[in-house]
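Q: Have a peek at input-v5.txt (compact mmCIF, C-alpha atoms).
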```txt
# COMPACT_ATOMS: atom_id res chain seq x y z
CA MET A 2 152.50 70.01 53.49
CA THR A 3 152.58 66.19 53.17
CA ARG A 4 153.38 66.45 49.46
CA THR A 5 156.26 68.86 50.13
CA LYS A 6 157.66 66.53 52.77
CA ALA A 7 157.40 63.57 50.44
CA VAL A 8 159.20 65.48 47.68
CA ALA A 9 161.97 66.43 50.10
CA TRP A 10 162.51 62.85 51.21
CA ALA A 11 162.38 61.62 47.62
CA GLY A 12 165.08 64.14 46.69
CA GLY A 13 167.26 62.97 49.58
CA ALA A 14 166.87 59.32 48.61
CA THR A 15 167.63 60.12 44.98
CA TYR A 16 170.77 61.98 46.03
CA LEU A 17 172.06 58.97 47.96
CA LEU A 18 171.21 56.69 45.01
CA ILE A 19 173.14 58.90 42.58
CA VAL A 20 176.13 58.99 44.93
CA GLY A 21 176.05 55.19 45.07
CA LEU A 22 175.96 54.97 41.28
CA LEU A 23 178.88 57.38 40.98
CA VAL A 24 180.99 55.40 43.41
CA GLY A 25 180.11 51.87 42.38
CA GLY A 26 178.79 52.16 38.85
CA ALA A 27 181.56 54.13 37.11
CA PRO A 28 184.88 52.72 38.32
CA ARG A 29 186.85 53.91 35.28
CA ALA A 30 185.82 57.56 35.58
CA SER A 31 188.22 60.07 37.10
CA GLY A 32 187.86 61.52 40.57
CA SER A 33 186.99 64.92 39.12
CA VAL A 34 184.03 63.43 37.24
CA HIS A 35 182.74 61.81 40.42
CA ALA A 36 183.18 65.08 42.35
CA VAL A 37 181.35 67.15 39.75
CA GLY A 38 178.56 64.59 39.61
CA SER A 39 178.07 64.64 43.38
CA LEU A 40 178.22 68.46 43.36
CA LEU A 41 175.40 68.62 40.82
CA ALA A 42 173.41 65.96 42.66
CA VAL A 43 173.33 68.06 45.84
CA SER A 44 170.57 70.15 44.22
CA LEU A 45 168.29 67.21 45.02
CA LEU A 46 168.71 68.06 48.72
CA ILE A 47 167.03 71.47 48.44
CA GLY A 48 163.81 70.19 49.99
CA VAL A 49 165.68 68.56 52.87
CA VAL A 50 167.84 71.68 53.38
CA ARG A 51 164.77 73.88 53.79
CA ARG A 52 163.05 71.51 56.24
CA MET A 53 165.99 69.89 58.11
CA PRO A 54 169.26 71.67 57.27
CA LEU A 55 171.38 69.66 59.71
CA LEU A 56 170.17 66.38 58.21
CA ALA A 57 170.92 67.74 54.75
CA LEU A 58 174.45 68.60 55.89
CA ALA A 59 174.92 65.07 57.23
CA MET A 60 173.75 63.58 53.91
CA ALA A 61 176.01 65.90 51.92
CA LEU A 62 178.98 65.01 54.14
CA PHE A 63 178.25 61.33 53.73
CA GLY A 64 177.90 61.58 49.94
CA SER A 65 181.01 63.71 49.44
CA THR A 66 183.11 61.50 51.71
CA ALA A 67 181.84 58.40 49.88
CA VAL A 68 182.96 59.93 46.58
CA VAL A 69 186.44 60.63 47.94
CA VAL A 70 186.88 57.31 49.70
CA GLY A 71 185.08 55.05 47.23
CA THR A 72 186.65 56.19 43.96
CA PRO A 73 189.43 53.75 42.93
CA SER A 74 192.86 55.30 42.84
CA SER A 75 194.15 53.09 40.04
CA VAL A 76 192.45 55.13 37.32
CA HIS A 77 195.35 57.58 37.28
CA ALA A 78 199.02 57.05 37.06
CA ASP A 79 199.50 59.97 39.42
CA LEU A 80 197.36 59.16 42.44
CA SER A 81 197.60 62.60 43.96
CA VAL A 82 196.05 64.25 40.94
CA GLY A 83 193.05 61.94 41.09
CA TYR A 84 192.45 62.59 44.72
CA GLN A 85 192.79 66.33 44.24
CA GLY A 86 189.82 66.33 41.85
CA GLN A 87 187.73 64.18 44.17
CA PHE A 88 187.91 66.78 46.94
CA LEU A 89 185.78 69.12 44.81
CA SER A 90 182.78 67.16 46.03
CA TYR A 91 183.10 68.94 49.39
CA LEU A 92 181.95 72.14 47.70
CA ALA A 93 178.44 70.65 47.99
CA VAL A 94 178.96 70.45 51.76
CA ASP A 95 180.10 74.07 51.82
CA LEU A 96 176.94 75.18 50.00
CA VAL A 97 174.73 73.50 52.60
CA LEU A 98 176.93 74.88 55.37
CA GLY A 99 176.48 78.43 54.07
CA PHE A 100 172.70 77.98 54.16
CA ILE A 101 172.87 76.73 57.76
CA VAL A 102 174.99 79.71 58.86
CA ALA A 103 172.55 82.08 57.14
CA THR A 104 169.33 80.63 58.55
CA CYS A 105 169.99 78.67 61.76
CA VAL A 106 170.69 80.02 65.21
CA ARG A 107 174.24 80.42 66.47
CA ARG A 108 174.78 77.15 68.36
CA PRO A 109 173.67 74.73 65.59
CA SER A 110 175.70 76.78 63.10
CA ILE A 111 178.84 76.47 65.20
CA VAL A 112 178.32 72.71 65.61
CA ALA A 113 177.76 72.32 61.86
CA VAL A 114 180.94 74.24 61.02
CA ALA A 115 182.98 72.26 63.54
CA VAL A 116 181.73 68.87 62.32
CA SER A 117 182.19 69.77 58.66
CA PHE A 118 185.70 71.11 59.25
CA THR A 119 186.71 68.02 61.23
CA VAL A 120 185.40 65.55 58.65
CA GLN A 121 187.01 67.36 55.71
CA LEU A 122 190.31 67.71 57.55
CA LEU A 123 190.44 64.01 58.45
CA VAL A 124 189.53 62.83 54.95
CA ILE A 125 191.95 65.18 53.22
CA GLY A 126 194.69 64.21 55.67
CA GLY A 127 194.05 60.54 55.03
CA PHE A 128 193.78 60.55 51.24
CA ALA A 129 195.98 63.43 50.07
CA HIS A 130 199.75 62.95 49.87
CA GLY A 131 202.82 65.10 49.52
CA ASP A 132 202.43 68.69 48.47
CA ASN A 133 198.77 68.14 47.60
CA LEU A 134 197.99 67.63 51.28
CA THR A 135 198.73 71.26 52.03
CA VAL A 136 197.15 72.54 48.82
CA ASN A 137 193.94 70.60 49.29
CA GLY A 138 193.75 71.56 52.96
CA VAL A 139 194.13 75.25 52.20
CA ILE A 140 191.57 75.09 49.36
CA ALA A 141 189.05 73.29 51.58
CA LEU A 142 189.57 75.80 54.39
CA LEU A 143 189.15 78.78 52.03
CA ALA A 144 186.03 77.29 50.45
CA MET A 145 184.48 76.68 53.86
CA ALA A 146 185.39 80.18 55.04
CA ALA A 147 183.88 81.70 51.90
CA SER A 148 180.61 79.81 52.37
CA CYS A 149 180.43 80.82 56.04
CA MET A 150 181.11 84.48 55.21
CA ALA A 151 178.41 84.42 52.53
CA GLY A 152 176.00 82.93 55.07
CA LEU A 153 176.89 85.55 57.68
CA MET A 154 176.39 88.38 55.17
CA SER A 155 173.01 86.95 54.19
CA ARG A 156 172.03 86.69 57.86
CA GLU A 157 173.10 90.30 58.53
CA ARG A 158 171.15 91.59 55.53
CA ARG A 159 168.06 89.73 56.68
CA GLU A 160 168.40 90.97 60.25
CA HIS A 161 168.95 94.50 58.98
CA ALA A 162 165.83 94.27 56.85
CA VAL A 163 163.85 93.01 59.85
CA ALA A 164 165.18 95.90 61.95
CA LEU A 165 164.19 98.39 59.25
CA ARG A 166 160.69 96.94 59.06
CA SER A 167 160.38 97.10 62.84
CA GLN A 168 161.53 100.72 62.79
CA GLU A 169 159.02 101.55 60.05
CA VAL A 170 156.24 99.91 62.05
CA ALA A 171 157.26 101.83 65.19
CA GLU A 172 157.34 105.11 63.26
CA ALA A 173 153.95 104.36 61.74
CA VAL A 174 152.51 103.62 65.19
CA THR A 175 153.97 106.87 66.54
CA ALA A 176 152.57 108.85 63.63
CA GLU A 177 149.16 107.25 64.14
CA ARG A 178 149.23 108.09 67.83
CA LEU A 179 150.05 111.69 67.04
CA ARG A 180 147.22 111.80 64.52
CA ILE A 181 144.79 110.38 67.08
CA ALA A 182 146.02 112.85 69.70
CA ARG A 183 145.53 115.76 67.30
CA GLU A 184 142.08 114.60 66.29
CA LEU A 185 140.89 114.02 69.85
CA HIS A 186 142.35 117.35 70.97
CA ASP A 187 140.61 119.19 68.14
CA VAL A 188 137.32 117.44 68.76
CA VAL A 189 137.26 117.86 72.53
CA ALA A 190 139.13 121.06 73.35
CA HIS A 191 136.83 123.49 71.54
CA SER A 192 133.65 121.91 72.81
CA ILE A 193 134.81 121.60 76.40
CA GLY A 194 135.87 125.25 76.39
CA ILE A 195 132.42 126.33 75.23
CA ILE A 196 130.71 124.00 77.73
CA ALA A 197 132.79 125.42 80.59
CA ILE A 198 131.95 129.00 79.66
CA GLN A 199 128.25 128.28 79.20
CA ALA A 200 128.14 126.39 82.51
CA GLY A 201 129.71 129.39 84.24
CA VAL A 202 127.19 131.75 82.67
CA GLY A 203 124.29 129.50 83.59
CA SER A 204 125.36 129.15 87.22
CA ARG A 205 125.60 132.92 87.61
CA VAL A 206 122.23 133.80 86.10
CA ILE A 207 120.14 130.79 87.05
CA GLN A 208 118.48 132.68 89.90
CA THR A 209 118.07 136.10 88.31
CA GLN A 210 117.71 135.30 84.59
CA PRO A 211 116.16 131.86 84.12
CA ALA A 212 115.76 132.39 80.37
CA GLU A 213 119.48 133.05 79.93
CA ALA A 214 120.26 129.99 82.06
CA ARG A 215 118.01 127.84 79.86
CA GLU A 216 119.83 129.09 76.75
CA ALA A 217 123.13 128.25 78.34
CA LEU A 218 121.91 124.74 79.16
CA ARG A 219 120.65 124.27 75.59
CA ALA A 220 124.03 125.34 74.28
CA ILE A 221 125.74 122.87 76.63
CA GLU A 222 123.42 120.08 75.48
CA ALA A 223 123.95 120.83 71.78
CA THR A 224 127.71 121.13 72.15
CA SER A 225 127.88 117.92 74.20
CA ARG A 226 125.92 115.98 71.59
CA GLU A 227 128.12 117.33 68.82
CA THR A 228 131.24 116.38 70.78
CA LEU A 229 129.99 112.85 71.40
CA SER A 230 129.16 112.49 67.72
CA GLY A 231 132.65 113.67 66.77
CA LEU A 232 134.29 111.31 69.23
CA ARG A 233 132.24 108.40 68.00
CA ARG A 234 133.08 109.24 64.39
CA THR A 235 136.78 109.36 65.28
CA LEU A 236 136.65 106.00 67.07
CA VAL A 237 134.76 104.38 64.19
CA SER A 238 137.34 105.68 61.72
CA LEU A 239 140.04 104.04 63.85
CA ARG A 240 138.11 100.77 63.95
CA GLN A 241 137.86 100.78 60.17
CA ALA A 242 141.58 100.01 60.06
CA ASP A 243 140.76 96.62 61.58
CA ARG A 244 139.85 94.30 58.72
CA GLY A 245 137.99 92.10 61.12
CA ALA A 246 135.52 94.80 62.08
CA SER A 247 131.89 94.03 61.39
CA ALA A 248 129.96 95.73 58.64
CA SER A 249 127.92 97.71 61.14
CA GLU A 250 131.08 99.11 62.70
CA GLN A 251 132.48 100.07 59.31
CA SER A 252 129.42 101.99 58.22
CA PRO A 253 130.07 105.75 58.35
CA LEU A 254 128.19 107.83 60.90
CA GLY A 255 128.44 111.02 58.88
CA PRO A 256 130.87 113.15 56.97
CA SER A 257 133.86 114.76 58.67
CA PRO A 258 133.57 118.51 59.28
CA GLY A 259 135.02 120.93 56.78
CA LEU A 260 135.10 124.57 55.76
CA ALA A 261 131.39 124.42 54.98
CA ASP A 262 130.80 124.08 58.74
CA VAL A 263 132.79 127.17 59.73
CA GLU A 264 129.62 129.27 60.04
CA ARG A 265 128.11 126.73 62.40
CA LEU A 266 131.36 126.76 64.37
CA ALA A 267 131.21 130.55 64.48
CA ALA A 268 127.67 130.40 65.84
CA ALA A 269 128.76 128.02 68.60
CA THR A 270 131.67 130.34 69.42
CA ALA A 271 129.28 133.30 69.56
CA ASP A 272 127.23 131.41 72.16
CA ALA A 273 130.43 131.30 74.23
CA GLY A 274 130.69 135.10 74.10
CA VAL A 275 133.00 135.69 71.11
CA ARG A 276 131.45 137.02 67.91
CA VAL A 277 133.14 135.64 64.81
CA ASP A 278 133.20 137.50 61.51
CA VAL A 279 133.68 134.97 58.70
CA ARG A 280 134.86 136.26 55.34
CA ARG A 281 135.37 134.17 52.24
CA SER A 282 137.15 135.29 49.08
CA GLY A 283 138.25 133.73 45.84
CA GLU A 284 136.48 131.09 43.81
CA GLN A 285 134.86 128.84 46.40
CA ARG A 286 135.16 125.21 45.33
CA ALA A 287 135.53 121.74 46.74
CA VAL A 288 138.99 120.91 48.08
CA PRO A 289 140.48 117.52 48.97
CA ALA A 290 139.04 115.99 52.14
CA ASP A 291 142.31 116.05 54.11
CA ILE A 292 142.89 119.74 53.32
CA ASP A 293 139.25 120.58 54.08
CA LEU A 294 139.38 118.82 57.47
CA SER A 295 142.77 120.32 58.40
CA ALA A 296 141.64 123.85 57.54
CA TYR A 297 138.52 123.38 59.66
CA ARG A 298 140.55 122.05 62.59
CA ILE A 299 142.93 125.02 62.38
CA VAL A 300 140.02 127.44 62.54
CA GLN A 301 138.47 125.44 65.38
CA GLU A 302 141.65 125.41 67.46
CA ALA A 303 142.30 129.10 66.84
CA LEU A 304 138.76 130.01 67.94
CA THR A 305 139.20 127.82 71.02
CA ASN A 306 142.31 129.80 71.94
CA VAL A 307 140.44 133.07 71.41
CA VAL A 308 137.62 131.95 73.70
CA ARG A 309 139.98 130.71 76.39
CA HIS A 310 142.90 133.12 76.34
CA ALA A 311 142.31 136.25 74.25
CA GLY A 312 139.93 138.04 76.60
CA THR A 313 138.09 139.68 73.73
CA GLY A 314 134.54 139.60 72.40
CA ARG A 315 135.24 139.42 68.67
CA CYS A 316 137.58 137.98 66.08
CA GLN A 317 137.81 137.51 62.30
CA VAL A 318 138.17 134.43 60.15
CA ALA A 319 139.29 134.90 56.54
CA ILE A 320 139.22 132.00 54.06
CA ASP A 321 140.79 132.70 50.67
CA TYR A 322 140.50 130.22 47.80
CA LYS A 323 143.50 130.89 45.58
CA ASP A 324 144.54 129.09 42.42
CA GLU A 325 147.37 127.12 43.99
CA GLU A 326 146.68 127.28 47.73
CA LEU A 327 144.04 127.68 50.37
CA SER A 328 144.68 130.47 52.86
CA VAL A 329 143.12 130.56 56.32
CA GLU A 330 143.63 133.44 58.75
CA ILE A 331 142.23 133.99 62.23
CA VAL A 332 142.84 137.38 63.86
CA ASP A 333 141.71 138.78 67.20
CA ASP A 334 142.37 142.00 69.13
CA GLY A 335 142.79 140.40 72.53
CA ARG A 336 145.73 140.07 74.89
CA GLY A 337 148.01 138.57 72.26
CA ALA A 338 149.60 135.75 74.25
CA THR A 339 152.93 134.51 72.89
CA GLU A 340 153.14 131.40 70.79
CA ASN A 341 155.03 129.46 73.47
CA SER A 342 152.64 130.42 76.24
CA PRO A 343 151.64 127.42 78.35
CA ALA A 344 148.03 128.50 77.97
CA HIS A 345 148.03 127.27 74.39
CA GLY A 346 148.95 123.72 75.35
CA PHE A 347 149.34 121.49 72.31
CA GLY A 348 147.00 123.46 70.08
CA ILE A 349 149.55 125.32 67.97
CA VAL A 350 151.81 122.24 67.91
CA GLY A 351 148.92 120.25 66.46
CA MET A 352 148.30 122.99 63.88
CA ARG A 353 151.93 122.88 62.78
CA GLU A 354 151.85 119.09 62.46
CA ARG A 355 148.69 119.20 60.35
CA VAL A 356 150.09 121.89 58.07
CA GLY A 357 153.45 120.14 57.85
CA LEU A 358 151.81 116.88 56.73
CA LEU A 359 150.20 118.82 53.87
CA SER A 360 153.49 120.59 52.94
CA GLY A 361 151.99 123.94 53.91
CA HIS A 362 153.11 126.86 56.04
CA LEU A 363 151.78 128.11 59.38
CA SER A 364 152.53 131.32 61.22
CA ALA A 365 151.14 132.01 64.68
CA GLY A 366 152.03 134.81 67.03
CA PRO A 367 151.08 138.16 68.52
CA ARG A 368 150.42 141.08 66.19
CA PRO A 369 152.38 144.35 66.49
CA GLU A 370 149.13 146.30 66.81
CA GLY A 371 147.83 143.93 69.48
CA GLY A 372 146.01 140.67 69.51
CA PHE A 373 146.96 137.33 68.02
CA ARG A 374 147.13 136.04 64.46
CA VAL A 375 147.09 132.52 63.06
CA ALA A 376 147.64 132.12 59.32
CA ALA A 377 147.92 128.87 57.38
CA ARG A 378 148.66 128.31 53.70
CA LEU A 379 147.75 124.87 52.38
CA PRO A 380 148.84 123.95 48.84
CA LEU A 381 146.06 122.76 46.57
CA PRO A 382 146.62 120.07 43.93
CA ALA A 383 146.55 121.17 40.33
CA PRO A 384 143.15 120.60 38.72
CA VAL A 385 142.96 117.67 36.36
CA LYS A 386 142.27 118.81 32.82
CA VAL A 387 140.00 116.47 30.94
CA PRO A 388 140.56 116.68 27.18
CA VAL A 389 137.45 117.35 25.14
CA GLU A 390 137.20 115.04 22.18
CA ALA A 391 136.30 116.85 18.99
CA ARG A 392 133.29 115.51 17.16
```
Please render this file's structure as structure tokens.
A:
Amino acid sequence: MTRTKAVAWAGGATYLLIVGLLVGGAPRASGSVHAVGSLLAVSLLIGVVRRMPLLALAMALFGSTAVVVGTPSSVHADLSVGYQGQFLSYLAVDLVLGFIVATCVRRPSIVAVAVSFTVQLLVIGGFAHGDNLTVNGVIALLAMAASCMAGLMSRERREHAVALRSQEVAEAVTAERLRIARELHDVVAHSIGIIAIQAGVGSRVIQTQPAEAREALRAIEATSRETLSGLRRTLVSLRQADRGASASEQSPLGPSPGLADVERLAAATADAGVRVDVRRSGEQRAVPADIDLSAYRIVQEALTNVVRHAGTGRCQVAIDYKDEELSVEIVDDGRGATENSPAHGFGIVGMRERVGLLSGHLSAGPRPEGGFRVAARLPLPAPVKVPVEAR
């Protein structure tokens, strides 16, 4: 930081030195030569412009005015022509002014424009004569307006880019909240439904059938432990997004559930009073983790709805491994509640969001013959073909 500051001040001092040499060291040169020299020398103020733009503007105004005022008029037979070329030095001021308008807040920008306009107007009015007074005034005004417009456009582009980034961040936060809501719903809803049913069974038979009550309590304990494990795994996965998390927090607690756990899910659902018939077809193979987890969650949510709302004792789960897609279907012969029934809460909405994120298709609704059907088709990526090198 100290080196950058020193370089900036050295550039400013060098700029003033060059302006002094142009004014006092080359008396026979034309005004245009002095103006072009001061315009090129303003590049030495880049460091000062970035750190103190208003000071850089003051230095540029001083240097350009010194070039106009200090250049002898006797070098040209036509004085007005010489002075007309000297006014080109104010283009350096306009460049700094455009940077100020683009980067500084409104009030300093307005002050800078007003001061620059006043100084240029007074100098041009004092050293331009005849028709060149109007010409030079109009040119200076247009040059200043052009630099200010360029600065305003740069400011608007930057502010628009900031607004777009803020919108992207807000959309990402919203998407992450929806993902967390889906995950927590899928983890908790199924287990709580089973716990509620088992608790009801246990309370009814605890006096007459102690063995059945003990089984219900065991099921509640197992389901509760599984739910806590799932919640902890979800929270740890969220903490992993924090780069400052400790190594112990970032260590995985276990793999996420997938289609391989459907049978275990069916057994837990059977403990809640609904027998699940799981059927698999096609060439069973490993699928991407996001598809595997989403398919499991769809089956889990559908079974939760069967346990809570269908009023039936059995249902079917069909998993079909096709070449280009994975098909999951859950069918029951219960009451067949409509898709928009309040009883389903956010379950089907969460299914649709999961399937939509994977560019799949979901259909959920009552069957004509009775009951309810949930069917999801999830596209599978094409297998990567590894070429076999001939020996």
Q: Dig up all the protein and nucleic acid residues within 12 Å of (173.2, 70.3, 42.1) in the file frame, using all atoms listed in the file, and format them as a tab-separated table (two decimals) with C-alpha atoms, in the frame of the given file.
A:
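Saved result, selection39.tsv, follows:
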```tsv
chain	number	residue	atom	x	y	z
A	12	GLY	CA	165.08	64.14	46.69
A	15	THR	CA	167.63	60.12	44.98
A	16	TYR	CA	170.77	61.98	46.03
A	19	ILE	CA	173.14	58.90	42.58
A	36	ALA	CA	183.18	65.08	42.35
A	37	VAL	CA	181.35	67.15	39.75
A	38	GLY	CA	178.56	64.59	39.61
A	39	SER	CA	178.07	64.64	43.38
A	40	LEU	CA	178.22	68.46	43.36
A	41	LEU	CA	175.40	68.62	40.82
A	42	ALA	CA	173.41	65.96	42.66
A	43	VAL	CA	173.33	68.06	45.84
A	44	SER	CA	170.57	70.15	44.22
A	45	LEU	CA	168.29	67.21	45.02
A	46	LEU	CA	168.71	68.06	48.72
A	47	ILE	CA	167.03	71.47	48.44
A	61	ALA	CA	176.01	65.90	51.92
A	90	SER	CA	182.78	67.16	46.03
A	92	LEU	CA	181.95	72.14	47.70
A	93	ALA	CA	178.44	70.65	47.99
A	94	VAL	CA	178.96	70.45	51.76
A	96	LEU	CA	176.94	75.18	50.00
A	97	VAL	CA	174.73	73.50	52.60
```
Q: Using only C-alpha atoms, which of A:Cys149, A:His161, A:Ser192, A:Leu58 sits nearest A:Arg226?
A: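 With only C-alpha atoms as the atom set, the closest residue is A:Ser192.
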Q: Can you tell me, as a PyMOL selection string, which residues sit within 10 Å of (139.7, 120.4, 64.1) in the file's frame, using all atoms listed in the file?
A: chain A and resi 183-191+257-259+294-303+348+351-352+355
Q: Restrict the selected residues to C-alpha atoms and save them as an mmCIF file, in the coordinates of the input.
A:
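Done, and the output landed in part05.cif:
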```
data_model
loop_
_atom_site.group_PDB
_atom_site.id
_atom_site.type_symbol
_atom_site.label_atom_id
_atom_site.label_comp_id
_atom_site.auth_asym_id
_atom_site.auth_seq_id
_atom_site.Cartn_x
_atom_site.Cartn_y
_atom_site.Cartn_z
ATOM 1 C CA ARG A 183 145.530 115.760 67.300
ATOM 2 C CA GLU A 184 142.080 114.600 66.290
ATOM 3 C CA LEU A 185 140.890 114.020 69.850
ATOM 4 C CA HIS A 186 142.350 117.350 70.970
ATOM 5 C CA ASP A 187 140.610 119.190 68.140
ATOM 6 C CA VAL A 188 137.320 117.440 68.760
ATOM 7 C CA VAL A 189 137.260 117.860 72.530
ATOM 8 C CA ALA A 190 139.130 121.060 73.350
ATOM 9 C CA HIS A 191 136.830 123.490 71.540
ATOM 10 C CA SER A 257 133.860 114.760 58.670
ATOM 11 C CA PRO A 258 133.570 118.510 59.280
ATOM 12 C CA GLY A 259 135.020 120.930 56.780
ATOM 13 C CA LEU A 294 139.380 118.820 57.470
ATOM 14 C CA SER A 295 142.770 120.320 58.400
ATOM 15 C CA ALA A 296 141.640 123.850 57.540
ATOM 16 C CA TYR A 297 138.520 123.380 59.660
ATOM 17 C CA ARG A 298 140.550 122.050 62.590
ATOM 18 C CA ILE A 299 142.930 125.020 62.380
ATOM 19 C CA VAL A 300 140.020 127.440 62.540
ATOM 20 C CA GLN A 301 138.470 125.440 65.380
ATOM 21 C CA GLU A 302 141.650 125.410 67.460
ATOM 22 C CA ALA A 303 142.300 129.100 66.840
ATOM 23 C CA GLY A 348 147.000 123.460 70.080
ATOM 24 C CA GLY A 351 148.920 120.250 66.460
ATOM 25 C CA MET A 352 148.300 122.990 63.880
ATOM 26 C CA ARG A 355 148.690 119.200 60.350
#
```
Q: For atom CA of A:Leu327 and atom CA of A:Leu229, quote the distance in Å rounded to one decimal.
A: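 One can read the atom CA of A:Leu327 to atom CA of A:Leu229 distance as 29.3 Å.
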Q: Between A:Met53, A:His310, A:Thr228, A:Ala9, which residue has the minimum interatomic distance to A:Ile196, considering all atoms listed in the file?
A: A:Thr228
Q: Could you tell me how far atom CA of A:Arg280 sits from atom CA of A:Glu264, in Å to one decimal place?
A: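 Pair atom CA of A:Glu264 / atom CA of A:Arg280 returns 9.9 Å.
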Q: Considering only C-alpha atoms, return as a PyMOL selection string whatever protein or nucleic-acid residues lie within 8 Å of A:Cys316, sequence-local ones (same chain, fewer than 5 positions apart) excluded.
A: chain A and resi 275-278+307+331-334
Q: Could you work out an axis-aligned box for stretch 145-151 of chain A, taking every atom the file lists and adding 5 Å on each side, and report centre and edge lengths in Å to one decimal, as AutoDock Vina command-line options?
A:
```
--center_x 181.9 --center_y 80.6 --center_z 54.0 --size_x 17.0 --size_y 17.8 --size_z 14.1
```
Q: Would you mind telling me which residue in A:Ile320, A:Ala365, A:Ala269, A:Leu153 lies nearest to A:Ile193 when using all atoms listed in the file?
A: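 Smallest separation from A:Ile193 among the options: A:Ala269.
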Q: What gap, in Å, lies between atom CA of A:Asp324 and atom CA of A:Gln285?
A: 10.5 Å
Q: Nearest residue to A:Ala57 out of A:Leu18, A:Met145, A:Val70, A:Ala113, using only C-alpha atoms?
A: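 Closest to A:Ala57 of all the choices is A:Ala113.
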Q: Determine the nearest neighbour of A:Gln199 from the options A:Val106, A:Ala171, A:Leu98, A:Ala220, counting only C-alpha atoms.
A: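 Looking at the shortest contact to A:Gln199, the residue is A:Ala220.
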Q: Can stretch 162-174 of chain A be brought up to N, CA and C atoms and written out as a tab-separated table (two decimals), in the frame of the given file?
A:
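Written out: part-v4.tsv:
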```
chain	number	residue	atom	x	y	z
A	162	ALA	N	167.14	94.02	57.44
A	162	ALA	CA	165.83	94.27	56.85
A	162	ALA	C	164.72	94.15	57.89
A	163	VAL	N	164.84	93.17	58.79
A	163	VAL	CA	163.85	93.01	59.85
A	163	VAL	C	163.86	94.23	60.77
A	164	ALA	N	165.09	94.72	61.10
A	164	ALA	CA	165.18	95.90	61.95
A	164	ALA	C	164.57	97.11	61.28
A	165	LEU	N	164.79	97.26	59.97
A	165	LEU	CA	164.19	98.39	59.25
A	165	LEU	C	162.67	98.30	59.25
A	166	ARG	N	162.15	97.11	59.03
A	166	ARG	CA	160.69	96.94	59.06
A	166	ARG	C	160.13	97.25	60.44
A	167	SER	N	160.84	96.80	61.48
A	167	SER	CA	160.38	97.10	62.84
A	167	SER	C	160.39	98.60	63.11
A	168	GLN	N	161.45	99.27	62.60
A	168	GLN	CA	161.53	100.72	62.79
A	168	GLN	C	160.40	101.42	62.03
A	169	GLU	N	160.11	100.95	60.82
A	169	GLU	CA	159.02	101.55	60.05
A	169	GLU	C	157.69	101.36	60.76
A	170	VAL	N	157.49	100.16	61.33
A	170	VAL	CA	156.24	99.91	62.05
A	170	VAL	C	156.15	100.83	63.28
A	171	ALA	N	157.27	100.97	64.01
A	171	ALA	CA	157.26	101.83	65.19
A	171	ALA	C	156.98	103.28	64.80
A	172	GLU	N	157.60	103.74	63.71
A	172	GLU	CA	157.34	105.11	63.26
A	172	GLU	C	155.90	105.29	62.82
A	173	ALA	N	155.34	104.26	62.15
A	173	ALA	CA	153.95	104.36	61.74
A	173	ALA	C	153.01	104.40	62.95
A	174	VAL	N	153.33	103.60	63.97
A	174	VAL	CA	152.51	103.62	65.19
A	174	VAL	C	152.60	104.98	65.87
```
